[in-house]
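S.K.: Have a look at this one.
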Amino acid sequence: MSETGGLHGIVHVVDDDRAFRTAVGRLLRAAGHDPRLHASAHEYLAAGDTAGPACLLLDLRMPGSTGLELQQLLLRRGDTHPVIFLSAHGDVSTTVRAMQDGALTFLTKPVQERELLDSVAQALERDTRRQERRAHLEVIRRRYASLTRRERQVMAGVVAGLLNKQISFALDSAERTVKTHRSRVMEKMMVRTVPDLVHVAEELLEAGEVLERPPGT
Amino acid sequence: MEPVQDTRRLEGRRGKVAPALMLWVLLLLPASAAGADARPEPWRVVLIRSWDSQYTVNVIRERALLEAMMHSAPRLIEVYTEEVDGVRFPSGTPPEFVAYLRAKYGGRHTDLVIASGNEPLEFAARHRDAIWPGAPILFNGVPTGTLPASLPPRTTGVTMTLDIEGTLRLGLALVPGARVVHFVAGVSEFDAMYADLAREVMRDFSGVEARFITGLSRSETLSAVERVDPGSLVIYLTMLRDGTGQTAGPGSDTVTQVAAHSAAPVLAASHTQFGRGPVGGSSARFDAHGSAAGRIARRLIEGADPDLIPVAADPEPDCAVDWRTLGRWRLDEARIPAGCEVTGRPVSAMDTYLRPVLALVCVILLQAGLIWALWAQSRRRRAAEADSQRRRTEIAHVARLSVMGVVTASIAHEINQPLGAILSNADAADLMLRNGNVDCQLLREILADIRSEDLRASEVIRGLRLLLRKREMRNAVLDVNTEVAEALHHVAHDAGRRHVRVIPEFAVDLPAVVGDAVHLQQVMINLVVNAMDAMDATPDTDREVRVETSVRGRGVEIAVADRGTGITSEHAAQLFDSFFTTKPEGMGLGLSIVRTIVEAHGGRVWADSSVLRGAIFRVWLPAAGTA
């Protein structure tokens with residue numbers, strides 16, 4: 001249906017200029033996206049629309065709240081949809097600040113179709129990845145949560161590279177019992193090899209999960 | 001008579017009073033006219049003068065006498081004057097004169113005979129009963145001590161004090177060591193009498209020898225006084241006739257001549273001689289003498305009994321010193337006795353004109369105050385004008401800069417906004433067409449929006465053109481130094497605030513340029529402000545902007561040098577670009593405006609960083625007539 005191919009998604013257009021908002025909305029719709037138009041930052045926030053994949057097209061200079069202020073507010077809220085800035089007049093310092101604060105890209109009006117659609121596609125792709133990653137993390141977090149305390153201790157020992165014997169000594173339990181826990185861990189965490197388990201543990205740590213300490217440390 | 005006189009005097013007054021007065025006069029006139037019929041005989045007074053009636057002493061005395069006698073007299077007083085001149089007619093009065101007077105006054109009642117002087121008194125005493133029978137005699141001008149032992153009946157008068165003693169005492173006060181006094185006198189009867197009075201005085205005066213210079217001619221007298229001992233005294237009496245028989249008329253300068261020639265201080269005992277050469281003397285006033293006689297005369301004609309009126313003497317004589325003569329004989333001013341009137345002293349302006357001087361000082365002070373106040377006011381006004389002018393300029397400067405900045409910034413926004421909408425609309429339509437997904441309704445909406453956004457953009461441009469048209473260039477022939485100085489004046493305040501010394505170094509005889517004064521000033525202001533900005537980190541003592549004008553080629557070069565951070569080579573290329581700035585608050589418009597204006601004037605502007613320190617911005621403008 002679309003030459004742009006790839007990903008389609010929700011694009012929140014936040015711009016006080018109705019004509020521009022509408023025009024960009026038409027273009028995005030023609031390109032297969034789902035544009036949602038907001039006249040102000042306040043309107044966008046009030047909508048509470050967090051479905052994804054989505055991205056934001058923010059005008060830098062708007063009455064009430066500037067795009068930069070909205071971006072920072074969203075960052076504080078943990079709303080991490082990618083942001084594309086659009087401005088009729090940009091100077092170096094605002095651009096730099098916007099980029100430092102995580103803006104995906106910075107476009108100036110009038111914006112070329114290709115430039116806009118590419119940026120949107122990129123943003124949506126990033127948002128999709130972000131969503132997928134978030135879903136994946138949710139799964140492994142749920143798996144880790146299903147482990148018993150003893151199983152988490154054994155998992156920590158395996159991830160730390162300890163032998164079954166060392167783990168049984170540290171936990172003051174029979175080596176056979178440790179083996180049973182270990183196979184249950186692999187089963188619950190749905191991994192086949194020890195390196196896979198180590199990778200999952202790393203992902204959990206990166207996502208901020210607090211893991212059980214390895215025994216004996 | 002009286003009311004008429006009053007009317008004449010009062011007529012000069014205000015017109016409002018005059019009618020009332022006229023009425024008053026008219027009411028009185030019939031009474032006066034009626035009174036004229038019953039009017040009493042006028043009082044008749046015969047005045048006998050001695051010798052020259054124009055002699056000063058006589059004139060003064062007689063005027064005072066007549067005034068006092070006639071003062072507010074209820075009747076007319078007729079005065080007949082006769083002269084008995086013993087000085088010029090020493091042989092005495094002939095019998096025919098007496099016969100003539102008998103015939104003259106016969107059958108006419110005479111109320112009073114006034115005898116002024118010794119000879120008239122003598123004449124009146126002898127001939128009164130024959131000529132003016134029954135009339136009382138009033139004498140005056142007769143020196144004390146010369147009055148006959150027995151006066152005729154019905155005679156009284158005032159004796160004249162010739163204060164020889166007082167005059168001598170003044171002389172001795174001024175010259176304490178004087179042991180000789182020379183009396184200068186003539187040979188007329190009066191002169192002799194006067195000299196006799198002096199002898200009389202000197203008889204009782206021990207310790208001072210009296211010498212008389214008399215019987216000499218006028219010139220011999222002058223030679224005589226020239227030879228007197230400078231430590232002695234000279235008292236001039238009178239010289240109505242000298243040794244050669246020559247008489248002195250009124251205004252004779254004998255006393256002046258004597259004073260001029262005398263080796264010793266000259267004094268005189270007559271008030272009329274004071275101020276004419278002598279140091280001074282003691283004398284009664286002749287006007288007072290005349291007035292005293294006049295008052296008695298009035299009483300006599302009104303019927304007072306002369307035998308009941310005692311002979312009066314002059315009031316106390318006055319001592320007087322002519323200050324101007326003190327130096328002539330080296331007399332000490334401090335020796336002038338207390339109570340002695342000093343005349344001729346060059347009184348200080350303060351003494352004489354104290355009040356006028358005070359008034360003048362007040363006026364001057366007031367004027368000075370007024371002038372000061374006006375000056376202060378005008379200064380304040382000028383300061384206020386300068387202040388407001390400066391503020392206007394500052395505001396205009398800031399306004400123009402910010403207008404330019406805001407305009408440039410808002411052009412981008414105002415125009416890019418509709419352009420963005422147009423482009424996106426067109427792109428959307430294009431995409432729809434490419435996708436074969438054609439929604440005619442949507443396409444119509446898109447086209448309508450494109451049209452309205454296009455109009456919006458052109459509206460922005462039209463408004464911008466209007467804004468820029470407000471300040472068109474007004475070209476005139478300009479003196480670069482004047483315009484640069486004016487611009488420096490505008491930034492002076494800012495420079496002071498920022499502790500920057502702005503040092504102008506103007507070349508003389510610059511060719512004129514053609515341009516817009518305000519724009520050229522704007523160029524200078526921007527360059528100087530730029531220079532000052534560059535020195536924000538420079539120590540206060542080093543902050544200096546040098547503004548130099550010079551002739552360069554066929555034009556004028558203006559150089560603005562600072563001691564700031566200088567220009568790095570990476571910035572050099574962008575210096576004059578819009579929105580290029582290295583300053584945190586800068587808009588990056590100052591130098592771009594400079595370039596725009598300078599190029600509009602056919603000139604060039606460039607930065608010269610080939611200096612050890614700071615930067616130099618140079619502006620070159622073509623001379624008038626070459627561009």
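Each chain in the structure tokens gets a letter, A, B and so on, in the order shown; residues start at 1 in every chain, and ligands are counted from 1 in the order they appear.
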Residues of chain B no more than 8 Å from chain A, counting only C-alpha atoms: send them over as a CSV table (one decimal) with N, CA and C atoms, in the first residue's frame.

M.R.:
```
chain,number,residue,atom,x,y,z
B,409,ALA,N,14.2,36.7,12.9
B,409,ALA,CA,13.7,35.4,13.5
B,409,ALA,C,12.3,35.1,13.2
B,410,SER,N,11.5,36.1,13.2
B,410,SER,CA,10.1,35.8,13.0
B,410,SER,C,9.8,35.6,11.5
B,412,ALA,N,11.5,33.9,9.6
B,412,ALA,CA,11.7,32.4,9.4
B,412,ALA,C,10.5,31.7,9.9
B,413,HIS,N,10.0,32.1,11.1
B,413,HIS,CA,8.8,31.3,11.6
B,413,HIS,C,7.6,31.6,10.8
B,414,GLU,N,7.3,32.9,10.6
B,414,GLU,CA,6.1,33.3,10.0
B,414,GLU,C,6.0,32.8,8.6
B,416,ASN,N,8.0,30.3,7.2
B,416,ASN,CA,8.3,28.8,7.1
B,416,ASN,C,7.0,28.0,7.6
B,417,GLN,N,6.3,28.6,8.4
B,417,GLN,CA,5.1,28.0,8.9
B,417,GLN,C,4.1,27.7,7.7
B,418,PRO,N,3.7,28.7,7.0
B,418,PRO,CA,2.8,28.4,5.8
B,418,PRO,C,3.5,27.6,4.8
B,419,LEU,N,4.8,27.9,4.6
B,419,LEU,CA,5.5,27.1,3.6
B,419,LEU,C,5.6,25.6,3.9
B,420,GLY,N,5.7,25.4,5.2
B,420,GLY,CA,5.7,24.0,5.7
B,420,GLY,C,4.4,23.3,5.4
B,421,ALA,N,3.3,24.1,5.7
B,421,ALA,CA,2.0,23.5,5.5
B,421,ALA,C,1.8,23.2,4.0
B,422,ILE,N,2.2,24.2,3.2
B,422,ILE,CA,2.0,24.0,1.7
B,422,ILE,C,2.7,22.8,1.2
B,423,LEU,N,4.0,22.7,1.7
B,423,LEU,CA,4.8,21.6,1.2
B,423,LEU,C,4.2,20.3,1.6
B,424,SER,N,3.8,20.2,2.9
B,424,SER,CA,3.3,18.9,3.4
B,424,SER,C,2.0,18.6,2.7
B,425,ASN,N,1.1,19.6,2.5
B,425,ASN,CA,-0.1,19.4,1.7
B,425,ASN,C,0.2,18.9,0.3
B,427,ASP,N,2.9,17.4,-0.7
B,427,ASP,CA,3.5,16.1,-0.6
B,427,ASP,C,2.4,15.0,-0.3
B,428,ALA,N,1.4,15.4,0.5
B,428,ALA,CA,0.4,14.4,0.9
B,428,ALA,C,-0.4,14.1,-0.4
B,429,ALA,N,-0.8,15.2,-1.2
B,429,ALA,CA,-1.6,15.0,-2.4
B,429,ALA,C,-0.8,14.1,-3.4
B,431,LEU,N,1.5,12.0,-2.7
B,431,LEU,CA,1.6,10.6,-2.2
B,431,LEU,C,0.3,9.9,-2.5
B,432,MET,N,-0.8,10.6,-2.2
B,432,MET,CA,-2.1,10.0,-2.5
B,432,MET,C,-2.2,9.6,-4.0
B,435,ASN,N,-0.1,6.7,-4.8
B,435,ASN,CA,-0.6,5.4,-4.2
B,435,ASN,C,-1.9,5.0,-4.9
B,446,ILE,N,-7.1,20.0,0.3
B,446,ILE,CA,-5.6,20.2,0.3
B,446,ILE,C,-5.3,21.5,-0.5
B,449,ASP,N,-6.3,24.6,1.2
B,449,ASP,CA,-5.4,25.0,2.3
B,449,ASP,C,-4.1,25.5,1.7
B,453,GLU,N,-2.7,29.1,2.7
B,453,GLU,CA,-1.3,29.3,3.3
B,453,GLU,C,-0.4,30.1,2.4
```

S.K.: Just the residues within 12 Å of Ala145 of chain A, please, counting only C-alpha atoms, with nothing from its chain fewer than 6 positions along; format it as number ranges by chain.

M.R.: A: 137-139, 151-152, 185, 188-189, 204, 209-212

S.K.: Give me the residues within 8 Å of Ile84 of chain A as JSON, numbers by chain, counting only C-alpha atoms and dropping any in the same chain fewer than 4 places off.

M.R.: {"A": [55, 56, 57, 58, 103, 104, 105, 106, 107, 119, 120, 123]}

S.K.: Kindly give the distance, in Å, that separates atom CA of Ile131 of chain B and atom CA of Tyr100 of chain B, rounded to a single decimal.

M.R.: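 Calculated distance between atom CA of Ile131 of chain B and atom CA of Tyr100 of chain B is 9.3 Å.
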
S.K.: Set the distance at 8 Å and use only C-alpha atoms: which residues neighbour segment 304-321 of chain B once local chain neighbours fewer than 6 positions away are removed? I'd like the list as a PyMOL selection string.

M.R.: chain B and resi 136-137+144+153-161+163+166-167+170+274+279-285+288-289+336+339-343

S.K.: Would you kindly return, as a list of chain:residue names, each protein, DNA or RNA residue with an atom no farther than 9 Å from any atom of segment 173-178 of chain A, considering only C-alpha atoms and excluding same-chain residues fewer than 5 positions away?

M.R.: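 In the requested form, the answer reads A:Glu151, A:Val154, A:Asn164, A:Lys165, A:Gln166, A:Ile167, A:Ser168, A:Ser183.
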
S.K.: What is the distance, in Å and to one decimal place, between atom CA of Tyr144 of chain A and atom CA of Phe169 of chain A?

M.R.: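 Atom CA of Tyr144 of chain A sits 23.8 Å away from atom CA of Phe169 of chain A.
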
S.K.: Please determine, counting only C-alpha atoms, which residue among B:Pro265, B:Gly186, B:Pro143, B:Gly436 has the shortest atom-to-atom distance to Val225 of chain B.

M.R.: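 Closest to Val225 of chain B, using only C-alpha atoms: B:Pro265.
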
S.K.: Can you work out the spacing between atom CA of Ala135 of chain B and atom CA of Gly303 of chain B in Å, to one decimal?

M.R.: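 We find that atom CA of Ala135 of chain B and atom CA of Gly303 of chain B lie 10.4 Å from each other.
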
S.K.: Residues of segment 29-216 of chain B in alpha helix (DSSP H) according to DSSP, as a PyMOL selection string?

M.R.: chain B and resi 29-37+56-70+95-105+118-131+164-174+189-203
